[in-house]
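Visitor: Contents of target00.pdb (PDB, C-alpha atoms, pLDDT in the B column) are given next:
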```pdb
ATOM      1  CA  MET A   1      17.846 -64.793  -4.862  1.00 91.00           C
ATOM      2  CA  TYR A   2      16.107 -62.412  -2.478  1.00 94.00           C
ATOM      3  CA  ILE A   3      13.734 -59.490  -2.866  1.00 96.00           C
ATOM      4  CA  LEU A   4      14.399 -56.904  -0.170  1.00 97.00           C
ATOM      5  CA  GLY A   5      12.585 -53.617   0.187  1.00 96.00           C
ATOM      6  CA  ASP A   6      12.336 -50.360   2.116  1.00 96.00           C
ATOM      7  CA  ILE A   7       8.860 -48.798   2.100  1.00 95.00           C
ATOM      8  CA  GLY A   8       9.067 -45.199   3.286  1.00 92.00           C
ATOM      9  CA  ASN A   9       6.436 -42.493   3.486  1.00 89.00           C
ATOM     10  CA  THR A  10       7.674 -40.904   0.267  1.00 87.00           C
ATOM     11  CA  ASP A  11       9.489 -43.586  -1.731  1.00 91.00           C
ATOM     12  CA  THR A  12       9.735 -47.348  -1.903  1.00 94.00           C
ATOM     13  CA  LYS A  13      13.050 -48.982  -2.799  1.00 94.00           C
ATOM     14  CA  LEU A  14      13.148 -52.567  -4.037  1.00 95.00           C
ATOM     15  CA  PHE A  15      16.313 -54.626  -4.380  1.00 95.00           C
ATOM     16  CA  LEU A  16      16.988 -57.888  -6.169  1.00 95.00           C
ATOM     17  CA  VAL A  17      19.854 -59.504  -4.238  1.00 95.00           C
ATOM     18  CA  SER A  18      21.886 -62.593  -5.060  1.00 93.00           C
ATOM     19  CA  ALA A  19      22.455 -65.489  -2.663  1.00 89.00           C
ATOM     20  CA  ARG A  20      25.946 -64.020  -2.161  1.00 91.00           C
ATOM     21  CA  ASN A  21      24.374 -60.746  -0.968  1.00 91.00           C
ATOM     22  CA  LYS A  22      25.241 -58.755  -4.084  1.00 93.00           C
ATOM     23  CA  ILE A  23      22.705 -56.202  -5.306  1.00 93.00           C
ATOM     24  CA  ILE A  24      21.667 -57.218  -8.828  1.00 93.00           C
ATOM     25  CA  LYS A  25      19.094 -54.495  -9.470  1.00 94.00           C
ATOM     26  CA  LYS A  26      17.380 -51.642  -7.646  1.00 94.00           C
ATOM     27  CA  ILE A  27      14.221 -49.654  -8.404  1.00 93.00           C
ATOM     28  CA  ASN A  28      12.461 -46.715  -6.732  1.00 92.00           C
ATOM     29  CA  PHE A  29       8.816 -45.681  -6.933  1.00 91.00           C
ATOM     30  CA  PRO A  30       6.338 -43.546  -4.928  1.00 88.00           C
ATOM     31  CA  SER A  31       4.879 -45.282  -1.867  1.00 86.00           C
ATOM     32  CA  LYS A  32       1.470 -43.634  -1.829  1.00 80.00           C
ATOM     33  CA  GLU A  33      -1.357 -43.960  -4.338  1.00 75.00           C
ATOM     34  CA  LEU A  34      -0.053 -47.414  -5.211  1.00 84.00           C
ATOM     35  CA  ASN A  35      -2.440 -49.863  -6.895  1.00 85.00           C
ATOM     36  CA  GLN A  36      -2.230 -53.321  -8.446  1.00 84.00           C
ATOM     37  CA  LYS A  37      -1.643 -52.038 -11.985  1.00 85.00           C
ATOM     38  CA  LYS A  38       1.132 -49.651 -10.971  1.00 87.00           C
ATOM     39  CA  LEU A  39       2.754 -52.258  -8.755  1.00 89.00           C
ATOM     40  CA  ASP A  40       2.840 -54.791 -11.590  1.00 88.00           C
ATOM     41  CA  LYS A  41       4.532 -52.157 -13.759  1.00 89.00           C
ATOM     42  CA  TYR A  42       7.100 -51.175 -11.115  1.00 90.00           C
ATOM     43  CA  ILE A  43       8.065 -54.690 -10.052  1.00 89.00           C
ATOM     44  CA  SER A  44       8.417 -55.794 -13.678  1.00 88.00           C
ATOM     45  CA  LEU A  45      11.291 -53.291 -13.879  1.00 89.00           C
ATOM     46  CA  LEU A  46      13.087 -55.362 -11.253  1.00 88.00           C
ATOM     47  CA  LYS A  47      12.929 -58.310 -13.690  1.00 88.00           C
ATOM     48  CA  PRO A  48      12.760 -60.959 -10.964  1.00 87.00           C
ATOM     49  CA  ASN A  49      12.788 -64.652 -11.772  1.00 89.00           C
ATOM     50  CA  TYR A  50       9.995 -65.527  -9.360  1.00 91.00           C
ATOM     51  CA  GLU A  51      10.850 -69.219  -9.318  1.00 90.00           C
ATOM     52  CA  ARG A  52      14.336 -68.446  -8.020  1.00 92.00           C
ATOM     53  CA  ILE A  53      13.231 -66.115  -5.201  1.00 94.00           C
ATOM     54  CA  ASN A  54      13.531 -67.822  -1.805  1.00 93.00           C
ATOM     55  CA  LYS A  55      13.391 -64.868   0.612  1.00 95.00           C
ATOM     56  CA  ILE A  56      11.338 -61.672   0.686  1.00 96.00           C
ATOM     57  CA  LEU A  57      11.817 -59.087   3.418  1.00 97.00           C
ATOM     58  CA  PHE A  58      10.718 -55.474   3.880  1.00 97.00           C
ATOM     59  CA  CYS A  59      11.079 -52.719   6.394  1.00 96.00           C
ATOM     60  CA  SER A  60       7.969 -50.583   6.107  1.00 95.00           C
ATOM     61  CA  VAL A  61       6.363 -47.525   7.677  1.00 92.00           C
ATOM     62  CA  VAL A  62       3.389 -47.597   5.267  1.00 92.00           C
ATOM     63  CA  PRO A  63       1.208 -50.616   6.175  1.00 91.00           C
ATOM     64  CA  LYS A  64      -1.178 -50.155   3.247  1.00 91.00           C
ATOM     65  CA  SER A  65       1.642 -50.255   0.683  1.00 92.00           C
ATOM     66  CA  PHE A  66       3.278 -53.233   2.388  1.00 94.00           C
ATOM     67  CA  ASP A  67       0.013 -55.202   2.421  1.00 94.00           C
ATOM     68  CA  LEU A  68      -0.440 -54.606  -1.312  1.00 93.00           C
ATOM     69  CA  ILE A  69       3.151 -55.596  -2.155  1.00 94.00           C
ATOM     70  CA  LYS A  70       2.999 -58.601   0.185  1.00 94.00           C
ATOM     71  CA  LYS A  71      -0.156 -59.920  -1.476  1.00 93.00           C
ATOM     72  CA  PHE A  72       1.337 -59.415  -4.942  1.00 92.00           C
ATOM     73  CA  LEU A  73       4.722 -61.044  -4.244  1.00 93.00           C
ATOM     74  CA  SER A  74       3.333 -63.907  -2.163  1.00 93.00           C
ATOM     75  CA  LYS A  75       1.046 -64.823  -5.067  1.00 91.00           C
ATOM     76  CA  LYS A  76       3.872 -64.598  -7.601  1.00 91.00           C
ATOM     77  CA  THR A  77       6.514 -66.491  -5.611  1.00 93.00           C
ATOM     78  CA  LYS A  78       4.378 -68.801  -3.425  1.00 93.00           C
ATOM     79  CA  ILE A  79       6.569 -67.950  -0.409  1.00 93.00           C
ATOM     80  CA  ASN A  80       6.063 -65.810   2.694  1.00 94.00           C
ATOM     81  CA  CYS A  81       6.723 -62.099   2.482  1.00 96.00           C
ATOM     82  CA  TYR A  82       8.051 -60.826   5.815  1.00 96.00           C
ATOM     83  CA  GLU A  83       8.206 -57.408   7.443  1.00 96.00           C
ATOM     84  CA  VAL A  84      11.194 -56.791   9.735  1.00 96.00           C
ATOM     85  CA  LYS A  85       9.083 -56.714  12.883  1.00 93.00           C
ATOM     86  CA  ASN A  86       7.540 -60.098  12.038  1.00 92.00           C
ATOM     87  CA  LEU A  87      10.927 -61.642  12.791  1.00 94.00           C
ATOM     88  CA  ASP A  88      12.778 -62.181  16.063  1.00 91.00           C
ATOM     89  CA  ILE A  89      14.731 -58.925  15.792  1.00 91.00           C
ATOM     90  CA  LYS A  90      15.446 -58.888  19.506  1.00 88.00           C
ATOM     91  CA  SER A  91      17.768 -61.837  18.948  1.00 90.00           C
ATOM     92  CA  LEU A  92      19.993 -59.486  16.917  1.00 92.00           C
ATOM     93  CA  ILE A  93      19.826 -56.249  18.893  1.00 94.00           C
ATOM     94  CA  LYS A  94      18.826 -55.026  22.339  1.00 94.00           C
ATOM     95  CA  ILE A  95      16.040 -52.446  22.220  1.00 94.00           C
ATOM     96  CA  LYS A  96      15.517 -49.939  25.059  1.00 92.00           C
ATOM     97  CA  VAL A  97      12.413 -48.250  23.674  1.00 91.00           C
ATOM     98  CA  ASN A  98       8.753 -48.998  23.048  1.00 89.00           C
ATOM     99  CA  TYR A  99       9.247 -51.616  20.337  1.00 86.00           C
ATOM    100  CA  LYS A 100       5.804 -51.050  18.810  1.00 86.00           C
ATOM    101  CA  GLN A 101       6.489 -47.358  18.258  1.00 89.00           C
ATOM    102  CA  VAL A 102       9.937 -47.398  16.652  1.00 90.00           C
ATOM    103  CA  GLY A 103      10.003 -47.659  12.859  1.00 91.00           C
ATOM    104  CA  SER A 104      11.348 -50.873  11.391  1.00 94.00           C
ATOM    105  CA  ASP A 105      13.516 -48.809   9.033  1.00 94.00           C
ATOM    106  CA  ARG A 106      15.286 -47.256  12.024  1.00 95.00           C
ATOM    107  CA  ILE A 107      15.842 -50.654  13.652  1.00 95.00           C
ATOM    108  CA  THR A 108      17.127 -51.973  10.314  1.00 96.00           C
ATOM    109  CA  ASN A 109      19.637 -49.134  10.054  1.00 96.00           C
ATOM    110  CA  ALA A 110      20.844 -49.804  13.579  1.00 96.00           C
ATOM    111  CA  ILE A 111      21.341 -53.518  12.890  1.00 96.00           C
ATOM    112  CA  SER A 112      23.343 -52.604   9.794  1.00 95.00           C
ATOM    113  CA  LEU A 113      25.967 -50.831  11.918  1.00 94.00           C
ATOM    114  CA  MET A 114      25.792 -52.653  15.225  1.00 91.00           C
ATOM    115  CA  ASN A 115      28.946 -54.033  16.814  1.00 87.00           C
ATOM    116  CA  ASN A 116      30.229 -54.403  20.371  1.00 82.00           C
ATOM    117  CA  LYS A 117      32.899 -51.715  20.049  1.00 87.00           C
ATOM    118  CA  ASN A 118      31.428 -48.488  18.662  1.00 93.00           C
ATOM    119  CA  ASN A 119      28.559 -46.156  19.421  1.00 97.00           C
ATOM    120  CA  PHE A 120      26.661 -44.597  16.523  1.00 97.00           C
ATOM    121  CA  ILE A 121      24.268 -41.752  15.842  1.00 98.00           C
ATOM    122  CA  ILE A 122      22.389 -42.448  12.607  1.00 97.00           C
ATOM    123  CA  LEU A 123      21.079 -39.295  10.951  1.00 97.00           C
ATOM    124  CA  ASP A 124      18.517 -40.053   8.244  1.00 95.00           C
ATOM    125  CA  PHE A 125      17.200 -37.262   6.004  1.00 93.00           C
ATOM    126  CA  GLY A 126      13.873 -38.824   5.079  1.00 88.00           C
ATOM    127  CA  THR A 127      10.290 -37.591   5.231  1.00 88.00           C
ATOM    128  CA  ALA A 128      11.251 -36.842   8.827  1.00 92.00           C
ATOM    129  CA  THR A 129      14.792 -36.020   9.938  1.00 95.00           C
ATOM    130  CA  THR A 130      15.649 -38.740  12.441  1.00 96.00           C
ATOM    131  CA  PHE A 131      18.525 -39.310  14.832  1.00 97.00           C
ATOM    132  CA  ASP A 132      18.931 -42.843  16.167  1.00 97.00           C
ATOM    133  CA  VAL A 133      21.255 -43.682  19.047  1.00 97.00           C
ATOM    134  CA  LEU A 134      23.044 -47.009  18.978  1.00 97.00           C
ATOM    135  CA  ILE A 135      25.270 -47.777  21.969  1.00 96.00           C
ATOM    136  CA  LYS A 136      27.286 -50.876  21.113  1.00 93.00           C
ATOM    137  CA  ASP A 137      24.641 -53.617  20.714  1.00 92.00           C
ATOM    138  CA  THR A 138      21.725 -51.589  22.109  1.00 95.00           C
ATOM    139  CA  TYR A 139      19.247 -49.367  20.294  1.00 96.00           C
ATOM    140  CA  SER A 140      18.733 -46.637  22.888  1.00 95.00           C
ATOM    141  CA  GLY A 141      16.156 -44.392  21.228  1.00 95.00           C
ATOM    142  CA  GLY A 142      16.314 -41.272  19.123  1.00 95.00           C
ATOM    143  CA  VAL A 143      15.001 -37.919  17.991  1.00 96.00           C
ATOM    144  CA  ILE A 144      12.443 -37.107  15.288  1.00 96.00           C
ATOM    145  CA  ALA A 145      12.566 -33.632  13.742  1.00 95.00           C
ATOM    146  CA  PRO A 146      10.520 -32.259  10.820  1.00 93.00           C
ATOM    147  CA  GLY A 147      11.732 -33.415   7.417  1.00 93.00           C
ATOM    148  CA  ILE A 148      13.383 -30.770   5.264  1.00 93.00           C
ATOM    149  CA  GLY A 149      11.450 -31.473   2.065  1.00 90.00           C
ATOM    150  CA  LEU A 150       8.154 -31.719   3.908  1.00 90.00           C
ATOM    151  CA  SER A 151       8.796 -28.461   5.772  1.00 93.00           C
ATOM    152  CA  LEU A 152       9.731 -26.607   2.577  1.00 92.00           C
ATOM    153  CA  ALA A 153       6.572 -27.831   0.861  1.00 91.00           C
ATOM    154  CA  ALA A 154       4.390 -26.916   3.854  1.00 92.00           C
ATOM    155  CA  LEU A 155       5.834 -23.394   3.981  1.00 91.00           C
ATOM    156  CA  ALA A 156       5.197 -22.816   0.274  1.00 90.00           C
ATOM    157  CA  ASP A 157       1.680 -24.247   0.636  1.00 89.00           C
ATOM    158  CA  LYS A 158       0.695 -22.110   3.617  1.00 89.00           C
ATOM    159  CA  ALA A 159       2.523 -18.846   2.842  1.00 90.00           C
ATOM    160  CA  THR A 160       1.030 -17.240  -0.269  1.00 84.00           C
ATOM    161  CA  LEU A 161       4.077 -15.158  -1.216  1.00 84.00           C
ATOM    162  CA  ILE A 162       6.674 -17.909  -0.723  1.00 88.00           C
ATOM    163  CA  PRO A 163       7.293 -20.000  -3.852  1.00 87.00           C
ATOM    164  CA  LYS A 164       8.344 -23.640  -4.022  1.00 90.00           C
ATOM    165  CA  ILE A 165      12.094 -23.736  -3.456  1.00 88.00           C
ATOM    166  CA  ASN A 166      14.770 -26.344  -4.064  1.00 88.00           C
ATOM    167  CA  LEU A 167      17.181 -26.326  -1.145  1.00 90.00           C
ATOM    168  CA  LYS A 168      20.866 -25.921  -1.959  1.00 89.00           C
ATOM    169  CA  MET A 169      24.034 -24.771  -0.239  1.00 89.00           C
ATOM    170  CA  ILE A 170      24.164 -21.048   0.437  1.00 88.00           C
ATOM    171  CA  LYS A 171      27.207 -19.117   1.701  1.00 90.00           C
ATOM    172  CA  ASN A 172      25.534 -16.005   3.069  1.00 92.00           C
ATOM    173  CA  VAL A 173      23.273 -16.077   6.088  1.00 94.00           C
ATOM    174  CA  ILE A 174      21.427 -12.843   5.333  1.00 95.00           C
ATOM    175  CA  GLY A 175      19.120 -13.317   2.351  1.00 92.00           C
ATOM    176  CA  LYS A 176      18.650 -10.531  -0.200  1.00 92.00           C
ATOM    177  CA  ASP A 177      15.310 -11.786  -1.521  1.00 93.00           C
ATOM    178  CA  THR A 178      12.609 -14.279  -0.561  1.00 93.00           C
ATOM    179  CA  VAL A 179      14.272 -17.286  -2.167  1.00 93.00           C
ATOM    180  CA  SER A 180      17.719 -16.696  -0.628  1.00 93.00           C
ATOM    181  CA  ALA A 181      16.153 -15.875   2.756  1.00 94.00           C
ATOM    182  CA  VAL A 182      14.213 -19.153   2.809  1.00 94.00           C
ATOM    183  CA  ARG A 183      17.248 -21.111   1.601  1.00 93.00           C
ATOM    184  CA  SER A 184      19.350 -19.558   4.347  1.00 94.00           C
ATOM    185  CA  GLY A 185      16.765 -20.305   6.999  1.00 94.00           C
ATOM    186  CA  PHE A 186      16.485 -23.942   6.025  1.00 94.00           C
ATOM    187  CA  PHE A 187      20.138 -24.582   5.195  1.00 94.00           C
ATOM    188  CA  TRP A 188      21.728 -22.869   8.198  1.00 95.00           C
ATOM    189  CA  GLY A 189      18.764 -23.629  10.432  1.00 95.00           C
ATOM    190  CA  TYR A 190      19.002 -27.365   9.846  1.00 95.00           C
ATOM    191  CA  ALA A 191      22.793 -27.285  10.066  1.00 94.00           C
ATOM    192  CA  GLY A 192      22.436 -25.739  13.524  1.00 95.00           C
ATOM    193  CA  LEU A 193      19.689 -28.182  14.497  1.00 95.00           C
ATOM    194  CA  ILE A 194      21.856 -31.136  13.465  1.00 96.00           C
ATOM    195  CA  ASP A 195      24.966 -29.987  15.322  1.00 96.00           C
ATOM    196  CA  ASN A 196      23.005 -29.076  18.444  1.00 97.00           C
ATOM    197  CA  ILE A 197      21.055 -32.340  18.673  1.00 97.00           C
ATOM    198  CA  ILE A 198      24.254 -34.365  18.221  1.00 97.00           C
ATOM    199  CA  TYR A 199      25.934 -32.256  20.908  1.00 97.00           C
ATOM    200  CA  LEU A 200      23.022 -32.792  23.304  1.00 98.00           C
ATOM    201  CA  ILE A 201      22.988 -36.563  22.691  1.00 98.00           C
ATOM    202  CA  LYS A 202      26.690 -36.729  23.517  1.00 97.00           C
ATOM    203  CA  LYS A 203      26.174 -34.572  26.606  1.00 97.00           C
ATOM    204  CA  GLU A 204      23.228 -36.641  27.866  1.00 97.00           C
ATOM    205  CA  THR A 205      24.890 -40.016  27.321  1.00 97.00           C
ATOM    206  CA  ARG A 206      28.441 -38.906  28.180  1.00 97.00           C
ATOM    207  CA  LYS A 207      29.681 -41.013  25.313  1.00 96.00           C
ATOM    208  CA  SER A 208      31.456 -40.492  22.011  1.00 96.00           C
ATOM    209  CA  PHE A 209      29.809 -41.501  18.747  1.00 97.00           C
ATOM    210  CA  LYS A 210      30.489 -42.057  15.091  1.00 96.00           C
ATOM    211  CA  VAL A 211      27.857 -40.109  13.178  1.00 97.00           C
ATOM    212  CA  ILE A 212      26.468 -41.783  10.059  1.00 96.00           C
ATOM    213  CA  ILE A 213      24.305 -39.780   7.655  1.00 96.00           C
ATOM    214  CA  THR A 214      22.010 -41.124   4.957  1.00 95.00           C
ATOM    215  CA  GLY A 215      18.903 -40.174   2.995  1.00 89.00           C
ATOM    216  CA  GLY A 216      17.843 -37.448   0.580  1.00 86.00           C
ATOM    217  CA  PHE A 217      19.645 -34.343   1.856  1.00 89.00           C
ATOM    218  CA  SER A 218      22.688 -36.120   3.301  1.00 91.00           C
ATOM    219  CA  ASN A 219      24.940 -35.042   0.411  1.00 88.00           C
ATOM    220  CA  LEU A 220      24.003 -31.410   0.995  1.00 90.00           C
ATOM    221  CA  PHE A 221      24.854 -31.410   4.704  1.00 91.00           C
ATOM    222  CA  LYS A 222      27.775 -33.837   4.956  1.00 88.00           C
ATOM    223  CA  LYS A 223      30.335 -31.022   4.574  1.00 85.00           C
ATOM    224  CA  SER A 224      28.196 -28.173   5.892  1.00 88.00           C
ATOM    225  CA  ILE A 225      28.011 -29.017   9.594  1.00 91.00           C
ATOM    226  CA  LYS A 226      30.656 -28.848  12.299  1.00 91.00           C
ATOM    227  CA  THR A 227      30.282 -32.491  13.292  1.00 92.00           C
ATOM    228  CA  LYS A 228      32.471 -35.036  11.519  1.00 92.00           C
ATOM    229  CA  VAL A 229      30.161 -37.450   9.712  1.00 94.00           C
ATOM    230  CA  TYR A 230      30.380 -40.548   7.527  1.00 94.00           C
ATOM    231  CA  HIS A 231      28.075 -40.880   4.540  1.00 93.00           C
ATOM    232  CA  ASN A 232      26.432 -44.298   4.015  1.00 94.00           C
ATOM    233  CA  LYS A 233      23.753 -44.551   1.324  1.00 90.00           C
ATOM    234  CA  ASP A 234      23.496 -48.352   1.643  1.00 92.00           C
ATOM    235  CA  ILE A 235      22.801 -48.584   5.362  1.00 95.00           C
ATOM    236  CA  THR A 236      19.208 -49.831   5.035  1.00 95.00           C
ATOM    237  CA  ILE A 237      19.825 -52.501   2.397  1.00 95.00           C
ATOM    238  CA  ASN A 238      22.829 -53.763   4.364  1.00 95.00           C
ATOM    239  CA  GLY A 239      20.614 -54.044   7.437  1.00 96.00           C
ATOM    240  CA  LEU A 240      17.956 -55.920   5.471  1.00 96.00           C
ATOM    241  CA  ILE A 241      20.578 -58.355   4.186  1.00 96.00           C
ATOM    242  CA  GLU A 242      21.701 -59.020   7.767  1.00 95.00           C
ATOM    243  CA  ILE A 243      18.135 -59.448   9.054  1.00 96.00           C
ATOM    244  CA  SER A 244      17.223 -61.740   6.132  1.00 95.00           C
ATOM    245  CA  LYS A 245      19.539 -64.351   7.660  1.00 93.00           C
ATOM    246  CA  LEU A 246      16.786 -64.955  10.236  1.00 93.00           C
ATOM    247  CA  ILE A 247      14.548 -66.335   7.474  1.00 92.00           C
ATOM    248  CA  LYS A 248      15.171 -70.068   7.106  1.00 84.00           C
TER
END
```
When written as structure tokens, how does the structure in this file appear?
Guide:
Amino acid sequence: MYILGDIGNTDTKLFLVSARNKIIKKINFPSKELNQKKLDKYISLLKPNYERINKILFCSVVPKSFDLIKKFLSKKTKINCYEVKNLDIKSLIKIKVNYKQVGSDRITNAISLMNNKNNFIILDFGTATTFDVLIKDTYSGGVIAPGIGLSLAALADKATLIPKINLKMIKNVIGKDTVSAVRSGFFWGYAGLIDNIIYLIKKETRKSFKVIITGGFSNLFKKSIKTKVYHNKDITINGLIEISKLIK
């Protein structure tokens, strides 16, 4: 069995995966303010049989959380706990960017989809809203825009008269009160941002792409933008499964 994980700025996802690459169990917990006691509690929910674990792999953008989890799991299993960038990823995918500065989660997503036939734009609604460009077997770079949830929280925090708002689909553009005005600005504003960035990527590369969306707000926008998109909530775990084959 394997333990595979995705440590993001907001949430950490842990997966217990069988040797046949079937997900046995999945848990989520907050990435920040993690300590030994909380980690023991969270990982116990995964119910791993530590003696049967033979691979551990994470993609992580929170080094402090990864170091804590690595120390915990390495002690429990007596095997190495790897981060994606510790492995020879360049043997799986060509990378045309500064390798040190691209998140391992974004590389993992690209590896999940990579083939020699199609080009992909991967739109991930995470703490940041990211667009990653995959041209056949080459990761060509991307775009990082402010995350929707983070931006909503920042607006409510800095603007005294704007309350905390849960974003949802809204038909009208012109708001009739503060809440509907903010919802319109974020919903239609991000819909326009998404369509325009995808258009500009296509224009700059002069290529066609399949657009894959994933992450927190992907359900909200999958039918609300002009661009045809494909929803894939398992893109990161599928990439981790593929990369885990590098661990012997």
Visitor: In Å to one decimal, how far is CA of Ser44 (chain A) from CA of Lys32 (chain A)?
Guide: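 So the answer is 18.3 Å.
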Visitor: Just so the selection is clear, what residues does the PyMOL selection byres ((chain A and resi 3) around 8) cover here, as a PyMOL selection string?
Guide: chain A and resi 1-2+4-5+14-17+53+55-57
Visitor: When the PyMOL selection byres ((chain A and resi 236) around 9) is applied to the file above, which residues end up in the set, as number ranges by chain?
Guide: A: 6, 59, 105-106, 108-112, 233-235, 237-241
Visitor: From the list A:Ser218, A:Thr138, A:Ser224, A:Thr130, which residue is nearest Ile170 (chain A) when using only C-alpha atoms?
Guide: A:Ser224
Visitor: Which residues would end up in the selection if the PyMOL selection byres ((chain A and resi 159-167) around 10) were applied here, given that I need the answer as a compact mmCIF listing (two decimals) with C-alpha atoms, in the frame of the given file?
Guide:
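The file below, result_8.txt, is the result:
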```txt
# COMPACT_ATOMS: atom_id res chain seq x y z
CA ILE A 148 13.38 -30.77 5.26
CA GLY A 149 11.45 -31.47 2.06
CA LEU A 152 9.73 -26.61 2.58
CA ALA A 153 6.57 -27.83 0.86
CA ALA A 154 4.39 -26.92 3.85
CA LEU A 155 5.83 -23.39 3.98
CA ALA A 156 5.20 -22.82 0.27
CA ASP A 157 1.68 -24.25 0.64
CA LYS A 158 0.70 -22.11 3.62
CA LYS A 168 20.87 -25.92 -1.96
CA MET A 169 24.03 -24.77 -0.24
CA ILE A 170 24.16 -21.05 0.44
CA THR A 178 12.61 -14.28 -0.56
CA VAL A 179 14.27 -17.29 -2.17
CA SER A 180 17.72 -16.70 -0.63
CA VAL A 182 14.21 -19.15 2.81
CA ARG A 183 17.25 -21.11 1.60
CA SER A 184 19.35 -19.56 4.35
CA PHE A 186 16.48 -23.94 6.02
CA PHE A 187 20.14 -24.58 5.20
CA PHE A 217 19.64 -34.34 1.86
CA LEU A 220 24.00 -31.41 1.00
```
Visitor: Can you tell me how far CA of Trp188 (chain A) sits from CA of Ser140 (chain A), in Å to one decimal?
Guide: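 These two atoms are separated by 28.1 Å.
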Visitor: Within 7 Å of (6.0, -42.8, -0.7), in the coordinates the file gives, what residues turn up when you count only C-alpha atoms, written out as a list in words?
Guide: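 Every residue inside that radius is included here: Gly8, Asn9, Thr10, Asp11, Thr12, Pro30, Ser31 and Lys32 of chain A.
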Visitor: Would you mind exporting the chosen residues as a short mmCIF file (atom, residue, chain, number, x, y, z; two decimals), keeping the file's coordinate frame, restricted to C-alpha atoms?
Guide:
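Contents of result-v7.cif, as written:
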```cif
data_model
loop_
_atom_site.label_atom_id
_atom_site.label_comp_id
_atom_site.auth_asym_id
_atom_site.auth_seq_id
_atom_site.Cartn_x
_atom_site.Cartn_y
_atom_site.Cartn_z
CA GLY A 8 9.07 -45.20 3.29
CA ASN A 9 6.44 -42.49 3.49
CA THR A 10 7.67 -40.90 0.27
CA ASP A 11 9.49 -43.59 -1.73
CA THR A 12 9.74 -47.35 -1.90
CA PRO A 30 6.34 -43.55 -4.93
CA SER A 31 4.88 -45.28 -1.87
CA LYS A 32 1.47 -43.63 -1.83
#
```
Visitor: So which one's closest to Thr129 (chain A), A:Asn196, A:Ser151, A:Asn116, A:Thr77? Using all atoms listed in the file, please.
Guide: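 Residue with the minimum atom-to-atom distance to Thr129 (chain A): A:Ser151.
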Visitor: So, counting all atoms listed in the file, which residue among A:Asn119, A:Asn232, A:Ser60, A:Asn28 is closest to Lys136 (chain A)?
Guide: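 Looking only at the distances to Lys136 (chain A), the closest residue turns out to be A:Asn119.
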Visitor: Could you jot down the CA of Ile225 (chain A) to CA of Ile198 (chain A) separation for me, Å, one decimal place?
Guide: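 So the two atoms, CA of Ile225 (chain A) and CA of Ile198 (chain A), lie 10.8 Å apart.
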Visitor: Would you please work out which residue, of A:Tyr230, A:Tyr50, A:Tyr99, A:Phe66, is nearest to Phe209 (chain A) when using all atoms listed in the file?
Guide: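 Using all atoms listed in the file, Phe209 (chain A) sits closest to A:Tyr230.
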